[in-house]
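Beneath this line is the structure, given in structure tokens, with notes to follow.
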Amino acid sequence: MRHLLSIRDLTAADLDWILAASEQPHPRPLEGKGVALYFEKPSARTRNSMELAVAQLGGHPVYIQKDELGIGSRESVADVTHTLACYHAIIAGRVFDHSLLEEMARVNAAAVLNMLSATDHPLQALADLLTVKQLLGRLDSVKIAFIGEGNNVSRSLAEACALAGAEFVIASPEGFDLGNALDVRQVRDPAEAVDGADIIYTDVWVSMGDEDNNERRRAFEPYQVDEALMALAPNARFLHCLPAHRGEEVTAPVIDGPRSAVWRQAENRMHTARGAMLWMLEHR
């Protein structure tokens, strides 16, 4: 049984297969089967992309909110996982605590897919790389500059770049970087990061569930992606995982301009979700 909790669950060959499958006509291995979509955190793109991807594979998506399951309070994680496995081929979770997904996977009653956790966002990284491949025609030796926090999005993207042979560099304020766990280039100056970049990527300064305070916003003010920063990499395309806050992490002329590919990136969430589930189902 295959689980996809992080990019670390994939090999380079797995990554290539998922990206290729995401652009192929899709079979229907989920015909007559369900996929549980468990949400502790709401999301426009994740819910819509996953529900459509499940339907395209012939399955029936079931949206489940946190209070409906009572994991760890009304029922144990193992009991909930076994129950959902009675009805569903895949259990997908958008959760705060990554260890919850790990515990569900250890039950091994159904394939478990991470739709987002505090530490990892593999589905976003898959959509990001598919978008880059479509834009540039390759992944090998592409330079991606991430401007912002070392968070679940940047961590998963850095890991995916390492598998794909792409260069990843992140510019973050002190105290908000990726730490030493990953072998990636980390700088403080956004201008240094975007030098020679093919892709410039950013994310919100305050993610859902994080503390929003003035000190945090002051730390990130020099990290806005504006026209001046984009001008330092005149051929670079712009990506953002969304939702976006124009006037904060990015200016409107950048995200709404001709070098932005955020809507293709958003659409690719559906295609790569489909590819990821095919990989989990071992439909090769």
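Chain lettering (A, B, ...) mirrors the order of the structure tokens, residue numbering begins at 1 for each chain separately, and ligand numbering begins at 1 in order of display.
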
Write out as a compact mmCIF listing (two decimals) with N, CA, C and O atoms, in the first residue's frame all residues of region 20-160 of chain A that backbone DSSP assigns to strand (DSSP E or B).
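Generated file (part.txt):
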# COMPACT_ATOMS: atom_id res chain seq x y z
N GLY A 34 -14.89 5.24 -3.02
CA GLY A 34 -14.90 6.55 -2.41
C GLY A 34 -13.51 7.03 -2.04
O GLY A 34 -12.58 6.24 -1.91
N VAL A 35 -13.37 8.35 -1.87
CA VAL A 35 -12.16 8.97 -1.33
C VAL A 35 -12.61 9.94 -0.24
O VAL A 35 -13.40 10.85 -0.49
N ALA A 36 -12.12 9.71 0.97
CA ALA A 36 -12.46 10.57 2.11
C ALA A 36 -11.57 11.80 2.09
O ALA A 36 -10.35 11.69 2.04
N LEU A 37 -12.17 12.98 2.11
CA LEU A 37 -11.44 14.25 2.12
C LEU A 37 -11.67 14.91 3.48
O LEU A 37 -12.70 15.57 3.70
N TYR A 38 -10.72 14.72 4.39
CA TYR A 38 -10.85 15.20 5.77
C TYR A 38 -10.17 16.56 5.90
O TYR A 38 -8.96 16.70 5.67
N PHE A 39 -10.95 17.56 6.28
CA PHE A 39 -10.46 18.94 6.35
C PHE A 39 -10.53 19.49 7.77
O PHE A 39 -11.61 19.67 8.32
N HIS A 60 -15.94 8.69 -5.94
CA HIS A 60 -16.89 9.59 -5.29
C HIS A 60 -16.20 10.26 -4.10
O HIS A 60 -15.85 9.59 -3.12
N PRO A 61 -15.97 11.59 -4.16
CA PRO A 61 -15.33 12.28 -3.04
C PRO A 61 -16.34 12.57 -1.93
O PRO A 61 -17.48 12.96 -2.20
N VAL A 62 -15.92 12.37 -0.69
CA VAL A 62 -16.77 12.67 0.47
C VAL A 62 -16.03 13.68 1.35
O VAL A 62 -14.98 13.37 1.92
N TYR A 63 -16.57 14.89 1.43
CA TYR A 63 -15.98 15.97 2.22
C TYR A 63 -16.36 15.80 3.69
O TYR A 63 -17.54 15.67 4.02
N ILE A 64 -15.35 15.79 4.56
CA ILE A 64 -15.58 15.54 5.99
C ILE A 64 -14.91 16.65 6.79
O ILE A 64 -13.72 16.93 6.61
N GLN A 65 -15.66 17.27 7.70
CA GLN A 65 -15.11 18.29 8.57
C GLN A 65 -14.64 17.69 9.89
O GLN A 65 -15.07 16.60 10.29
N ILE A 71 -11.62 12.89 15.84
CA ILE A 71 -10.42 12.04 15.94
C ILE A 71 -9.67 12.34 17.24
O ILE A 71 -9.34 13.48 17.53
N GLU A 75 -13.35 9.16 19.05
CA GLU A 75 -12.83 7.85 18.62
C GLU A 75 -11.33 7.95 18.44
O GLU A 75 -10.79 9.03 18.15
N HIS A 88 -13.67 3.76 1.70
CA HIS A 88 -12.84 4.58 0.83
C HIS A 88 -11.52 3.89 0.46
O HIS A 88 -10.88 3.26 1.31
N ALA A 89 -11.10 4.09 -0.78
CA ALA A 89 -9.82 3.56 -1.24
C ALA A 89 -8.67 4.44 -0.77
O ALA A 89 -7.55 3.96 -0.58
N ILE A 90 -8.93 5.74 -0.60
CA ILE A 90 -7.92 6.71 -0.17
C ILE A 90 -8.51 7.58 0.93
O ILE A 90 -9.67 8.01 0.84
N ILE A 91 -7.70 7.85 1.94
CA ILE A 91 -8.05 8.82 2.98
C ILE A 91 -7.10 9.99 2.81
O ILE A 91 -5.88 9.85 2.96
N ALA A 92 -7.65 11.17 2.46
CA ALA A 92 -6.84 12.36 2.27
C ALA A 92 -7.12 13.33 3.41
O ALA A 92 -8.28 13.54 3.78
N GLY A 93 -6.07 13.94 3.95
CA GLY A 93 -6.24 14.82 5.09
C GLY A 93 -5.55 16.16 4.89
O GLY A 93 -4.40 16.22 4.43
N ARG A 94 -6.25 17.22 5.23
CA ARG A 94 -5.68 18.58 5.29
C ARG A 94 -5.70 18.95 6.77
O ARG A 94 -6.75 19.31 7.32
N ALA A 111 -4.89 3.76 1.68
CA ALA A 111 -3.82 4.69 1.30
C ALA A 111 -4.12 6.07 1.87
O ALA A 111 -5.26 6.55 1.82
N VAL A 112 -3.09 6.73 2.42
CA VAL A 112 -3.26 8.04 3.06
C VAL A 112 -2.51 9.09 2.25
O VAL A 112 -1.33 8.92 1.91
N LEU A 113 -3.20 10.18 1.96
CA LEU A 113 -2.66 11.27 1.15
C LEU A 113 -2.67 12.57 1.95
O LEU A 113 -3.69 12.94 2.53
N ASN A 114 -1.55 13.26 1.96
CA ASN A 114 -1.43 14.54 2.65
C ASN A 114 -1.87 15.68 1.73
O ASN A 114 -1.19 16.00 0.75
N MET A 115 -3.00 16.31 2.05
CA MET A 115 -3.46 17.48 1.30
C MET A 115 -2.85 18.77 1.85
O MET A 115 -2.99 19.81 1.24
N LEU A 116 -2.24 18.72 3.00
CA LEU A 116 -1.47 19.79 3.65
C LEU A 116 -1.35 19.44 5.11
O LEU A 116 -2.31 18.99 5.73
N LYS A 143 16.33 27.30 -12.25
CA LYS A 143 16.54 27.95 -10.96
C LYS A 143 15.24 28.55 -10.46
O LYS A 143 14.64 29.40 -11.12
N ILE A 144 14.82 28.11 -9.27
CA ILE A 144 13.61 28.61 -8.63
C ILE A 144 14.01 29.39 -7.39
O ILE A 144 14.67 28.86 -6.49
N ALA A 145 13.62 30.66 -7.34
CA ALA A 145 13.90 31.51 -6.19
C ALA A 145 12.61 31.69 -5.39
O ALA A 145 11.63 32.21 -5.91
N PHE A 146 12.63 31.24 -4.15
CA PHE A 146 11.47 31.36 -3.27
C PHE A 146 11.74 32.54 -2.33
O PHE A 146 12.74 32.56 -1.61
N ILE A 147 10.83 33.50 -2.32
CA ILE A 147 10.99 34.70 -1.50
C ILE A 147 9.95 34.65 -0.38
O ILE A 147 8.75 34.81 -0.62

Point to revise | Who sits within 7 Å of region 8-17 of chain A, only C-alpha atoms, same chain under 3 positions skipped, as a list in words | key: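 Result of the neighbour search: Leu4, Leu5, Ala20, Ala21, Leu163 and Ala164 of chain A.
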
Practice item. Name all residues at most 12 Å from Pro222 (chain A) (count only C-alpha atoms; drop same-chain ones fewer than 2 positions away) and give them as a ChimeraX atom specification. Key: /A:147-148,171-174,188-191,205,216-220,224-226,228-229,248-250

Review point. Which neighbours of Asn108 (chain A) fall inside 12 Å, counting only C-alpha atoms, when residues of the same chain fewer than 3 positions from it are skipped, and could you give them as number ranges by chain?
Key: A: 1-3, 77-79, 81-82, 84-85, 89-91, 101-105, 111-113

Exercise for review: Write out as a list in words which residues come within 10 Å of Ala244 (chain A) when counting only C-alpha atoms, dropping same-chain ones fewer than 3 positions away.
Suggested key: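 Listed by chain and then number, they are Thr202, Asp203, Val204, Trp205, His240, Cys241, Gly247, Glu248, Glu249, Val250, Thr251, Ala252, Ile255 and Val262 of chain A.
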
Review point. Do you know which residues are at most 8 Å from region 22-26 of chain A counting only C-alpha atoms, after dropping those on the same chain fewer than 6 positions away, and could you put them as a ChimeraX atom specification?
Key: /A:56-57,271-276

Review point. Residues at most 9 Å from region 127-129 of chain A, counting only C-alpha atoms, excluding those fewer than 2 positions away in the same chain, as a ChimeraX atom specification?
Key: /A:19,122-125,131-134,139,157,160-161,164,239-241,265-273

Practice item. Using CA of His121 (chain A) and CA of Ser6 (chain A) as the two end points, give the distance in Å to one decimal. Key: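 Going from CA of His121 (chain A) over to CA of Ser6 (chain A) covers 6.8 Å.
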
Exercise for review: Could you please determine the separation between CA of Leu126 (chain A) and CA of Leu242 (chain A) in Å, to one decimal place?
Suggested key: 14.8 Å

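Put simply, CA of Glu192 (chain A) is 14.2 Å away from CA of Ala236 (chain A).
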
Exercise for review: Quick one: pick out all helix (DSSP H, G or I) residues within region 73-205 of chain A from a backbone DSSP run and write them as a ChimeraX atom specification.
Suggested key: /A:77-85,98-107,122-136,152-164,190-194
